[in-house]
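Below is one structure, written out as structure tokens, with a few remarks after it.
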Amino acid sequence: MRITLVHITRTGATTETLTLEAESTVAMALQKAGLTLTPELGFSVWGRRVTKDTVLEADARLEVADALIIDPKTRRDRRALEQGDVRLLTRGRHKGKHRKLNA
């Protein structure tokens, strides 16, 4: 069976096609691709989180992602502050009733 493996890192994503035996798991696919199985890696098949023991189906898209270096919400808040977005200060609801105190 063939699957598509997408490895997502800080610098970008790489895609490769792997040919595996039937009933192969995520761990087997990583071994075939030459990737080391570490606790920081996250796995998903077509965007749905799976474990290293999940059995893959033919034509699956296995996504392997490195650990996040920053929380996405924190990054959005920082970017909004840099751009001077007033909605961050008021959170855009309730006419500013719930203002963020530490902005």
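Labeling convention for the structure tokens: chains A, B, ... as they appear, residues from 1 per chain, ligands from 1 in order of appearance.
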**chain A: residues DSSP assigns to strand (DSSP E or B), reported as a ChimeraX atom specification** = /A:2-9,12-19,25,42-45,48-50,55,61-65
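Closest approach to Glu21 of chain A from the set A:Pro39, A:Glu57, A:Asp66, A:Val6 is made by A:Glu57, with distances taken over only C-alpha atoms.
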**Asked** Running DSSP on the backbone, which parts of segment 18-94 of chain A land in alpha helix (DSSP H), as number ranges by chain?
**Response** A: 26-33, 72-83, 86-90
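Between atom CA of Thr9 of chain A and atom CA of Glu23 of chain A the separation is 27.1 Å.
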**Request:** Give me the residues within 12 Å of Ala33 of chain A as a VMD selection string, counting only C-alpha atoms and dropping any in the same chain fewer than 6 places off.
**Result:** chain A and resid 3 to 7 14 to 20 26 to 27 62 64
Using N, CA, C and O atoms, can you export the residues from the last selection as a CSV table (one decimal), in the first residue's frame?
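Resulting contents of result_26.csv:
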chain,number,residue,atom,x,y,z
A,3,ILE,N,1.3,5.4,1.0
A,3,ILE,CA,0.8,6.5,1.8
A,3,ILE,C,1.7,7.7,1.5
A,3,ILE,O,2.8,7.6,1.0
A,4,THR,N,1.2,8.9,1.9
A,4,THR,CA,1.9,10.1,1.7
A,4,THR,C,2.3,10.5,3.1
A,4,THR,O,1.5,10.6,4.0
A,5,LEU,N,3.6,10.8,3.3
A,5,LEU,CA,4.1,11.2,4.6
A,5,LEU,C,4.5,12.7,4.5
A,5,LEU,O,5.3,13.0,3.6
A,6,VAL,N,3.9,13.5,5.4
A,6,VAL,CA,4.3,14.9,5.4
A,6,VAL,C,4.9,15.2,6.8
A,6,VAL,O,4.4,15.0,7.8
A,7,HIS,N,6.2,15.7,6.7
A,7,HIS,CA,6.9,16.0,7.9
A,7,HIS,C,7.0,17.5,8.1
A,7,HIS,O,7.5,18.2,7.2
A,14,THR,N,8.0,18.8,4.3
A,14,THR,CA,8.5,18.0,3.3
A,14,THR,C,7.5,16.8,3.1
A,14,THR,O,6.9,16.4,4.0
A,15,THR,N,7.3,16.4,1.8
A,15,THR,CA,6.4,15.4,1.5
A,15,THR,C,7.1,14.3,0.7
A,15,THR,O,7.9,14.5,-0.1
A,16,GLU,N,6.7,13.0,1.1
A,16,GLU,CA,7.3,11.9,0.4
A,16,GLU,C,6.2,10.8,0.4
A,16,GLU,O,5.4,10.7,1.2
A,17,THR,N,6.3,9.9,-0.7
A,17,THR,CA,5.4,8.8,-0.8
A,17,THR,C,6.1,7.5,-0.4
A,17,THR,O,7.3,7.3,-0.8
A,18,LEU,N,5.5,6.8,0.5
A,18,LEU,CA,6.1,5.5,1.0
A,18,LEU,C,5.2,4.3,0.6
A,18,LEU,O,4.0,4.4,0.5
A,19,THR,N,5.9,3.2,0.3
A,19,THR,CA,5.2,2.0,0.0
A,19,THR,C,5.4,1.1,1.2
A,19,THR,O,6.6,0.8,1.6
A,20,LEU,N,4.3,0.7,1.8
A,20,LEU,CA,4.4,-0.1,3.1
A,20,LEU,C,3.6,-1.4,2.9
A,20,LEU,O,2.8,-1.5,1.9
A,26,VAL,N,1.8,3.6,12.3
A,26,VAL,CA,2.5,4.9,12.2
A,26,VAL,C,4.0,4.7,12.5
A,26,VAL,O,4.9,5.2,11.8
A,27,ALA,N,4.3,3.9,13.5
A,27,ALA,CA,5.7,3.7,13.9
A,27,ALA,C,6.5,3.0,12.8
A,27,ALA,O,7.6,3.3,12.5
A,62,LEU,N,-0.3,10.7,6.2
A,62,LEU,CA,0.3,10.8,7.6
A,62,LEU,C,1.0,12.1,7.8
A,62,LEU,O,2.0,12.3,7.0
A,64,VAL,N,3.4,14.2,10.3
A,64,VAL,CA,4.2,14.1,11.5
A,64,VAL,C,4.7,15.6,11.8
A,64,VAL,O,5.4,16.2,10.9
**Message:** Just to confirm, what's the straight-line distance from atom CA of Val55 of chain A to atom CA of Thr36 of chain A in Å (one decimal)?
**Reply:** 18.3 Å
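Distances to Gly12 of chain A were evaluated for A:Ala65, A:Thr25, A:Pro72, A:Ala60 using only C-alpha atoms, and the minimum falls at A:Ala65.
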